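Input: a single structure, listed below in structure tokens.
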There are 2 protein chains.
Amino acid sequence: MEDHIVRSYDEELKFILRRISEMGGQAERMLEQSVRALIRSDLSLAQTVVADDVLLDAAERELEERAVLTIAKRQPMARDLREIVGAIRIASDLERIGDLGKNIAKRAIAVHEFGQPLQLTRGIEHMASLAQEQLKDVLDAYAARDAERAAAVRARDEDIDSMYTSIFRELLTYMMEDPRNITACTHLLFSAKNIERIGDHATNIAETVYYIQTGQQFESERPKSDATATMVLPATVAGSNE
Amino acid sequence: MEDHIVRSYDEELKFILRRISEMGGQAERMLEQSVRALIRSDLSLAQTVVADDVLLDAAERELEERAVLTIAKRQPMARDLREIVGAIRIASDLERIGDLGKNIAKRAIAVHEFGQPLQLTRGIEHMASLAQEQLKDVLDAYAARDAERAAAVRARDEDIDSMYTSIFRELLTYMMEDPRNITACTHLLFSAKNIERIGDHATNIAETVYYIQTGQQFESERPKSDATATMVLPATVAGSNE
């Protein structure tokens, strides 16, 4: 870790917060672009997203180093310490959102080979727009240090989860109806799962905002996530192929 | 964050390192048990893994709080600072390994409903044993602060990735051959993906060990991961069902 010349604690904190804001903007853009690349089979856009991911990785690493040096040099306590620890956590969630966006962009390339089944991507498009709203909202809640707004984001994660459950079911049904759909649907399934996880990271950020602002963790248990892990679909749809 | 009474910097560091060692043991156990639950359809073992995950979550949160307080109070620099930042990073990877194990355990419940297709789980069993070795090795490398051994773990991640690629291909083929396999194979596919990601976390830990010991990041680029994201399988196998 190299040292940096900085003038005051306030300036160090401002630097960190500005970086989070930039990273947030980039994560939002990667999510939006990756889903657009998937839906529209836009391969050059997909490649842009894949290439951009290194920027977010580097930004996270730099932010962590700066934040740790600030803690070591300034010994912040209470609220100040929560601000900096919170920034490290949020940067980590944003970096992982970037990774998931990159993975969706890669799958756009595989799905493209099939000409995409448009009716299947509609559900994903809708789910992604929910995830984008959640991400935008939680970044606004962070900027405003608004614990209530963060709590609302956290509560809404269930909507994404239940949409994922219905897309999971729908994609499996398509696979059973026609095995030629299997490869494309598998990639769409992983893409939907990635979006569901992006929603989880937005929830993580909401919890961090709440913690920064109140010094408390959420009391209520987190809404249950990903009911599909234990989901069993009857194989009757497939019966017609026997 | 509550304060803790501690006697010396050395004791604080020892506490943190002991916690990492406990978390590592628990993550290893969760991985082993979740895969065993999946392979043998052992539902009570699956439920144990699901229930145990909260322990790892709590351990990570506590470790992070202790580590941050230690940085703020002791202002460690250079190697000492890397030790503590490294511990925070490793705890985060171990916590995520626990999450992935929990998700595999949940899928054991869904796969169980089908009576599991034994020939399909053999590949996953083999892949999981590789991931277990990687995790054990990297935790040993951490305990010994052995940068070379960490580098070897990182290089071997490719083996898990290529095994994942072949399992991905195999599972899709089974799905195409008989649509009744689709639900079970989908859960096995996600389980295999989870194991591949556990391998990635072992690689992250290897990079952290190297960083703690040398103060440097790895020079060489990380071996490429998950070739399946862009994989397209010919749908010819499915042709016989038309």
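Residues are named by chain letter and number: chains run A, B, ... in the order of the structure tokens, numbers start at 1 in each chain, and ligands are numbered from 1 in the order shown.
Every protein, DNA or RNA residue with an atom at most 12 Å from Ala46 in chain A, where only C-alpha atoms count and chain neighbours fewer than 6 positions away do not, is listed here: Met30, Leu31, Glu32, Gln33, Ser34, Val35, Arg36, Ala37, Leu38, Ile39, Arg40, Asp52, Asp53, Gly101, Lys102, Asn103, Ile104, Ala105, Lys106, Arg107, Ala108, Ile109, Ala110, Val111 and His112 of chain A; Thr230 of chain B.
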Using only N, CA and C atoms, please write the residues we just selected to a file, as an mmCIF file, in the first residue's frame.
```
data_model
loop_
_atom_site.group_PDB
_atom_site.id
_atom_site.type_symbol
_atom_site.label_atom_id
_atom_site.label_comp_id
_atom_site.auth_asym_id
_atom_site.auth_seq_id
_atom_site.Cartn_x
_atom_site.Cartn_y
_atom_site.Cartn_z
ATOM 1 N N MET A 30 -23.256 -0.949 -16.041
ATOM 2 C CA MET A 30 -22.928 -2.323 -16.450
ATOM 3 C C MET A 30 -24.157 -3.228 -16.405
ATOM 4 N N LEU A 31 -24.981 -3.050 -15.371
ATOM 5 C CA LEU A 31 -26.208 -3.847 -15.282
ATOM 6 C C LEU A 31 -27.121 -3.541 -16.475
ATOM 7 N N GLU A 32 -27.342 -2.260 -16.709
ATOM 8 C CA GLU A 32 -28.251 -1.853 -17.794
ATOM 9 C C GLU A 32 -27.727 -2.348 -19.139
ATOM 10 N N GLN A 33 -26.445 -2.145 -19.380
ATOM 11 C CA GLN A 33 -25.869 -2.520 -20.679
ATOM 12 C C GLN A 33 -25.828 -4.035 -20.877
ATOM 13 N N SER A 34 -25.528 -4.765 -19.819
ATOM 14 C CA SER A 34 -25.418 -6.221 -19.974
ATOM 15 C C SER A 34 -26.777 -6.819 -20.320
ATOM 16 N N VAL A 35 -27.823 -6.321 -19.686
ATOM 17 C CA VAL A 35 -29.160 -6.852 -19.962
ATOM 18 C C VAL A 35 -29.602 -6.425 -21.363
ATOM 19 N N ARG A 36 -29.279 -5.203 -21.749
ATOM 20 C CA ARG A 36 -29.609 -4.756 -23.097
ATOM 21 C C ARG A 36 -28.878 -5.610 -24.135
ATOM 22 N N ALA A 37 -27.605 -5.908 -23.862
ATOM 23 C CA ALA A 37 -26.840 -6.762 -24.792
ATOM 24 C C ALA A 37 -27.488 -8.139 -24.909
ATOM 25 N N LEU A 38 -27.978 -8.656 -23.779
ATOM 26 C CA LEU A 38 -28.615 -9.978 -23.773
ATOM 27 C C LEU A 38 -29.929 -9.962 -24.551
ATOM 28 N N ILE A 39 -30.749 -8.954 -24.284
ATOM 29 C CA ILE A 39 -32.079 -8.880 -24.893
ATOM 30 C C ILE A 39 -31.993 -8.630 -26.393
ATOM 31 N N ARG A 40 -31.081 -7.726 -26.758
ATOM 32 C CA ARG A 40 -31.018 -7.330 -28.170
ATOM 33 C C ARG A 40 -29.925 -8.053 -28.943
ATOM 34 N N ASP A 52 -15.115 -3.460 -19.468
ATOM 35 C CA ASP A 52 -15.210 -2.416 -18.437
ATOM 36 C C ASP A 52 -15.045 -2.957 -17.017
ATOM 37 N N ASP A 53 -15.241 -4.259 -16.833
ATOM 38 C CA ASP A 53 -15.267 -4.794 -15.472
ATOM 39 C C ASP A 53 -13.959 -4.556 -14.716
ATOM 40 N N GLY A 101 -22.743 -8.537 -13.859
ATOM 41 C CA GLY A 101 -23.069 -7.911 -15.139
ATOM 42 C C GLY A 101 -22.182 -8.457 -16.250
ATOM 43 N N LYS A 102 -20.900 -8.583 -15.949
ATOM 44 C CA LYS A 102 -19.956 -9.137 -16.917
ATOM 45 C C LYS A 102 -20.374 -10.555 -17.330
ATOM 46 N N ASN A 103 -20.793 -11.353 -16.356
ATOM 47 C CA ASN A 103 -21.214 -12.723 -16.659
ATOM 48 C C ASN A 103 -22.468 -12.746 -17.538
ATOM 49 N N ILE A 104 -23.404 -11.832 -17.275
ATOM 50 C CA ILE A 104 -24.598 -11.729 -18.132
ATOM 51 C C ILE A 104 -24.176 -11.359 -19.559
ATOM 52 N N ALA A 105 -23.249 -10.418 -19.659
ATOM 53 C CA ALA A 105 -22.783 -9.984 -20.987
ATOM 54 C C ALA A 105 -22.163 -11.153 -21.748
ATOM 55 N N LYS A 106 -21.385 -11.975 -21.048
ATOM 56 C CA LYS A 106 -20.795 -13.153 -21.709
ATOM 57 C C LYS A 106 -21.884 -14.092 -22.218
ATOM 58 N N ARG A 107 -22.925 -14.249 -21.438
ATOM 59 C CA ARG A 107 -23.995 -15.171 -21.847
ATOM 60 C C ARG A 107 -24.768 -14.624 -23.051
ATOM 61 N N ALA A 108 -24.781 -13.291 -23.193
ATOM 62 C CA ALA A 108 -25.416 -12.699 -24.379
ATOM 63 C C ALA A 108 -24.799 -13.280 -25.646
ATOM 64 N N ILE A 109 -23.510 -13.548 -25.578
ATOM 65 C CA ILE A 109 -22.799 -14.085 -26.740
ATOM 66 C C ILE A 109 -23.298 -15.496 -27.069
ATOM 67 N N ALA A 110 -23.478 -16.339 -26.055
ATOM 68 C CA ALA A 110 -23.963 -17.705 -26.283
ATOM 69 C C ALA A 110 -25.427 -17.709 -26.733
ATOM 70 N N VAL A 111 -26.238 -16.881 -26.097
ATOM 71 C CA VAL A 111 -27.662 -16.854 -26.435
ATOM 72 C C VAL A 111 -27.856 -16.351 -27.865
ATOM 73 N N HIS A 112 -27.000 -15.440 -28.278
ATOM 74 C CA HIS A 112 -27.065 -14.855 -29.611
ATOM 75 C C HIS A 112 -27.050 -15.925 -30.704
ATOM 76 N N THR B 230 -20.007 -18.703 -22.328
ATOM 77 C CA THR B 230 -20.212 -18.444 -23.759
ATOM 78 C C THR B 230 -20.411 -19.749 -24.541
#
```
Each residue of chain B lying at most 8 Å from chain A should get a row with its shortest atom-to-atom pair and the distance in Å to one decimal, counting only C-alpha atoms; could you produce that, ordered by chain and increasing number, as CSV?
```
residue,atom,partner,partner_atom,distance
B:Met1,CA,A:Ala78,CA,7.6
B:Val68,CA,A:Val85,CA,7.8
B:Ile71,CA,A:Ala72,CA,5.4
B:Ala72,CA,A:Gln75,CA,4.4
B:Lys73,CA,A:Gln75,CA,6.5
B:Arg74,CA,A:Ala72,CA,7.5
B:Gln75,CA,A:Ala72,CA,4.4
B:Pro76,CA,A:Ala72,CA,6.8
B:Met77,CA,A:Ala72,CA,7.8
B:Ala78,CA,A:Met1,CA,7.5
B:Val85,CA,A:Val68,CA,7.8
B:Asn103,CA,A:Ala229,CA,6.8
B:Lys106,CA,A:Thr230,CA,5.7
B:Arg107,CA,A:Ala229,CA,5.1
B:Ala108,CA,A:Thr230,CA,7.8
B:Ile109,CA,A:Thr230,CA,5.9
B:Ala110,CA,A:Thr230,CA,4.6
B:Val111,CA,A:Val232,CA,7.9
B:Glu113,CA,A:Val232,CA,7.4
B:Leu172,CA,A:Thr183,CA,7.0
B:Met175,CA,A:Ile182,CA,7.4
B:Met176,CA,A:Pro179,CA,5.1
B:Pro179,CA,A:Met176,CA,5.1
B:Arg180,CA,A:Ala235,CA,5.3
B:Ile182,CA,A:Met176,CA,6.9
B:Thr183,CA,A:Leu233,CA,6.3
B:Ala184,CA,A:Val232,CA,8.0
B:His187,CA,A:Ala229,CA,7.2
B:Gly215,CA,A:Met1,CA,7.7
B:Ala229,CA,A:Arg107,CA,5.1
B:Thr230,CA,A:Ala110,CA,4.6
B:Met231,CA,A:Ala110,CA,5.8
B:Val232,CA,A:Ala110,CA,5.7
B:Leu233,CA,A:Thr183,CA,6.3
B:Ala235,CA,A:Arg180,CA,5.3
B:Ala238,CA,A:Pro179,CA,5.5
B:Gly239,CA,A:Arg180,CA,7.8
B:Asn241,CA,A:Asn241,CA,6.0
B:Glu242,CA,A:Asn241,CA,7.7
```
Store the residues picked out above, limited to N, CA, C and O atoms, as a compact mmCIF listing (two decimals), in the first residue's frame.
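Ended up saving to selection.txt:
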```
# COMPACT_ATOMS: atom_id res chain seq x y z
N MET B 1 -20.38 -0.84 17.01
CA MET B 1 -19.23 -1.69 17.37
C MET B 1 -18.91 -1.52 18.85
O MET B 1 -18.64 -0.42 19.31
N VAL B 68 -11.18 -4.02 12.41
CA VAL B 68 -11.24 -2.58 12.19
C VAL B 68 -10.86 -1.81 13.46
O VAL B 68 -10.11 -0.83 13.42
N ILE B 71 -7.16 -1.90 13.81
CA ILE B 71 -6.50 -0.93 12.93
C ILE B 71 -6.61 0.48 13.52
O ILE B 71 -5.63 1.23 13.57
N ALA B 72 -7.80 0.83 14.00
CA ALA B 72 -8.01 2.18 14.52
C ALA B 72 -7.18 2.43 15.79
O ALA B 72 -6.64 3.51 15.99
N LYS B 73 -7.09 1.42 16.64
CA LYS B 73 -6.40 1.63 17.92
C LYS B 73 -4.89 1.51 17.80
O LYS B 73 -4.15 2.20 18.49
N ARG B 74 -4.43 0.59 16.97
CA ARG B 74 -3.00 0.26 16.96
C ARG B 74 -2.24 0.88 15.80
O ARG B 74 -1.02 0.84 15.76
N GLN B 75 -2.98 1.35 14.81
CA GLN B 75 -2.34 1.96 13.64
C GLN B 75 -1.20 1.14 13.08
O GLN B 75 -0.09 1.65 12.89
N PRO B 76 -1.45 -0.14 12.82
CA PRO B 76 -0.37 -0.96 12.26
C PRO B 76 -0.01 -0.48 10.86
O PRO B 76 -0.86 0.07 10.15
N MET B 77 1.23 -0.63 10.47
CA MET B 77 1.62 -0.28 9.11
C MET B 77 2.31 -1.48 8.46
O MET B 77 2.63 -2.46 9.11
N ALA B 78 2.50 -1.37 7.15
CA ALA B 78 3.25 -2.37 6.37
C ALA B 78 2.72 -3.78 6.65
O ALA B 78 1.52 -4.01 6.59
N VAL B 85 -5.76 -6.54 7.20
CA VAL B 85 -6.59 -6.38 6.01
C VAL B 85 -6.79 -7.74 5.34
O VAL B 85 -7.89 -8.07 4.88
N ASN B 103 -26.33 -23.19 -0.33
CA ASN B 103 -27.16 -23.28 -1.53
C ASN B 103 -27.11 -24.69 -2.15
O ASN B 103 -28.13 -25.21 -2.60
N LYS B 106 -29.37 -26.86 -0.08
CA LYS B 106 -30.78 -26.66 -0.42
C LYS B 106 -31.15 -27.44 -1.68
O LYS B 106 -32.24 -28.00 -1.79
N ARG B 107 -30.24 -27.45 -2.64
CA ARG B 107 -30.53 -28.15 -3.89
C ARG B 107 -30.58 -29.66 -3.70
O ARG B 107 -31.25 -30.38 -4.44
N ALA B 108 -29.88 -30.15 -2.68
CA ALA B 108 -29.94 -31.59 -2.36
C ALA B 108 -31.39 -31.99 -2.11
O ALA B 108 -31.82 -33.09 -2.48
N ILE B 109 -32.14 -31.08 -1.52
CA ILE B 109 -33.54 -31.37 -1.19
C ILE B 109 -34.36 -31.52 -2.48
O ILE B 109 -35.15 -32.46 -2.62
N ALA B 110 -34.14 -30.64 -3.45
CA ALA B 110 -34.88 -30.72 -4.72
C ALA B 110 -34.45 -31.95 -5.53
O ALA B 110 -35.29 -32.65 -6.11
N VAL B 111 -33.14 -32.20 -5.58
CA VAL B 111 -32.65 -33.33 -6.38
C VAL B 111 -33.15 -34.65 -5.79
O VAL B 111 -33.45 -35.60 -6.51
N GLU B 113 -35.96 -35.45 -4.63
CA GLU B 113 -37.31 -35.81 -5.09
C GLU B 113 -37.24 -36.73 -6.31
O GLU B 113 -38.18 -37.47 -6.60
N LEU B 172 -26.07 -30.74 -19.80
CA LEU B 172 -26.94 -30.28 -20.88
C LEU B 172 -27.30 -31.42 -21.84
O LEU B 172 -28.43 -31.50 -22.31
N MET B 175 -30.00 -33.48 -20.32
CA MET B 175 -31.28 -32.78 -20.40
C MET B 175 -31.89 -32.93 -21.78
O MET B 175 -33.10 -33.10 -21.93
N MET B 176 -31.05 -32.87 -22.79
CA MET B 176 -31.54 -32.97 -24.17
C MET B 176 -32.01 -34.39 -24.47
O MET B 176 -32.97 -34.60 -25.21
N PRO B 179 -36.08 -35.08 -21.35
CA PRO B 179 -36.56 -33.88 -20.65
C PRO B 179 -36.96 -34.15 -19.20
O PRO B 179 -37.06 -33.21 -18.42
N ARG B 180 -37.20 -35.41 -18.86
CA ARG B 180 -37.53 -35.68 -17.46
C ARG B 180 -36.35 -35.39 -16.54
O ARG B 180 -36.50 -35.28 -15.33
N ILE B 182 -34.61 -32.69 -16.70
CA ILE B 182 -34.30 -31.25 -16.71
C ILE B 182 -34.25 -30.62 -15.32
O ILE B 182 -33.31 -29.90 -14.98
N THR B 183 -35.27 -30.88 -14.50
CA THR B 183 -35.26 -30.21 -13.18
C THR B 183 -34.05 -30.64 -12.35
O THR B 183 -33.32 -29.80 -11.82
N ALA B 184 -33.84 -31.95 -12.24
CA ALA B 184 -32.70 -32.43 -11.43
C ALA B 184 -31.38 -31.90 -11.99
O ALA B 184 -30.52 -31.42 -11.24
N HIS B 187 -30.63 -28.27 -11.11
CA HIS B 187 -30.09 -28.10 -9.75
C HIS B 187 -28.64 -28.58 -9.67
O HIS B 187 -27.82 -27.98 -8.97
N GLY B 215 3.66 -8.40 0.02
CA GLY B 215 3.30 -6.99 -0.18
C GLY B 215 2.97 -6.68 -1.63
O GLY B 215 2.71 -5.53 -1.99
N ALA B 229 -19.80 -19.81 -19.85
CA ALA B 229 -20.70 -18.66 -20.00
C ALA B 229 -20.97 -18.37 -21.48
O ALA B 229 -22.02 -17.85 -21.83
N THR B 230 -20.01 -18.70 -22.33
CA THR B 230 -20.21 -18.44 -23.76
C THR B 230 -20.41 -19.75 -24.54
O THR B 230 -20.31 -19.78 -25.76
N MET B 231 -20.70 -20.83 -23.81
CA MET B 231 -20.74 -22.12 -24.49
C MET B 231 -22.06 -22.39 -25.19
O MET B 231 -23.14 -22.18 -24.64
N VAL B 232 -21.95 -22.89 -26.39
CA VAL B 232 -23.12 -23.24 -27.18
C VAL B 232 -23.02 -24.72 -27.52
O VAL B 232 -22.02 -25.18 -28.04
N LEU B 233 -24.07 -25.46 -27.19
CA LEU B 233 -24.08 -26.89 -27.51
C LEU B 233 -24.97 -27.12 -28.72
O LEU B 233 -26.06 -26.56 -28.81
N ALA B 235 -27.78 -28.67 -30.84
CA ALA B 235 -29.03 -29.23 -30.35
C ALA B 235 -29.34 -30.57 -31.01
O ALA B 235 -30.43 -31.08 -30.91
N ALA B 238 -30.92 -33.54 -29.25
CA ALA B 238 -32.36 -33.41 -29.01
C ALA B 238 -33.17 -33.75 -30.25
O ALA B 238 -34.38 -33.94 -30.17
N GLY B 239 -32.52 -33.84 -31.37
CA GLY B 239 -33.23 -34.04 -32.63
C GLY B 239 -34.12 -35.27 -32.63
O GLY B 239 -35.19 -35.28 -33.23
N ASN B 241 -36.02 -36.33 -30.50
CA ASN B 241 -37.31 -36.14 -29.84
C ASN B 241 -38.32 -35.39 -30.70
O ASN B 241 -39.46 -35.23 -30.31
N GLU B 242 -37.85 -34.90 -31.81
CA GLU B 242 -38.76 -34.05 -32.61
C GLU B 242 -39.93 -34.83 -33.17
O GLU B 242 -39.77 -35.95 -33.63
```
Nearest to Leu171 in chain B: which of B:Ile124, B:Arg89, B:Thr48, B:Ile20 is it, counting only C-alpha atoms? B:Ile124
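Once Leu13 in chain A and its same-chain neighbours fewer than 5 positions away are set aside, Ser8, Arg18, Ala67, Thr70, Asp80, Glu83 and Ile84 of chain A remain within 9 Å of it when counting only C-alpha atoms.
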Can you tell me how far CA of Glu11 in chain B sits from CA of Ala144 in chain B, in Å to one decimal? 18.6 Å
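Distance annotation: of B:Ala131, B:Asp200, B:Val138, B:Gly86, the residue with the minimal separation from Gln213 in chain B is B:Gly86; atom set is only C-alpha atoms.
Our summary of the geometry notes that CA of Lys136 in chain A is positioned 16.0 Å from CA of Tyr210 in chain A.
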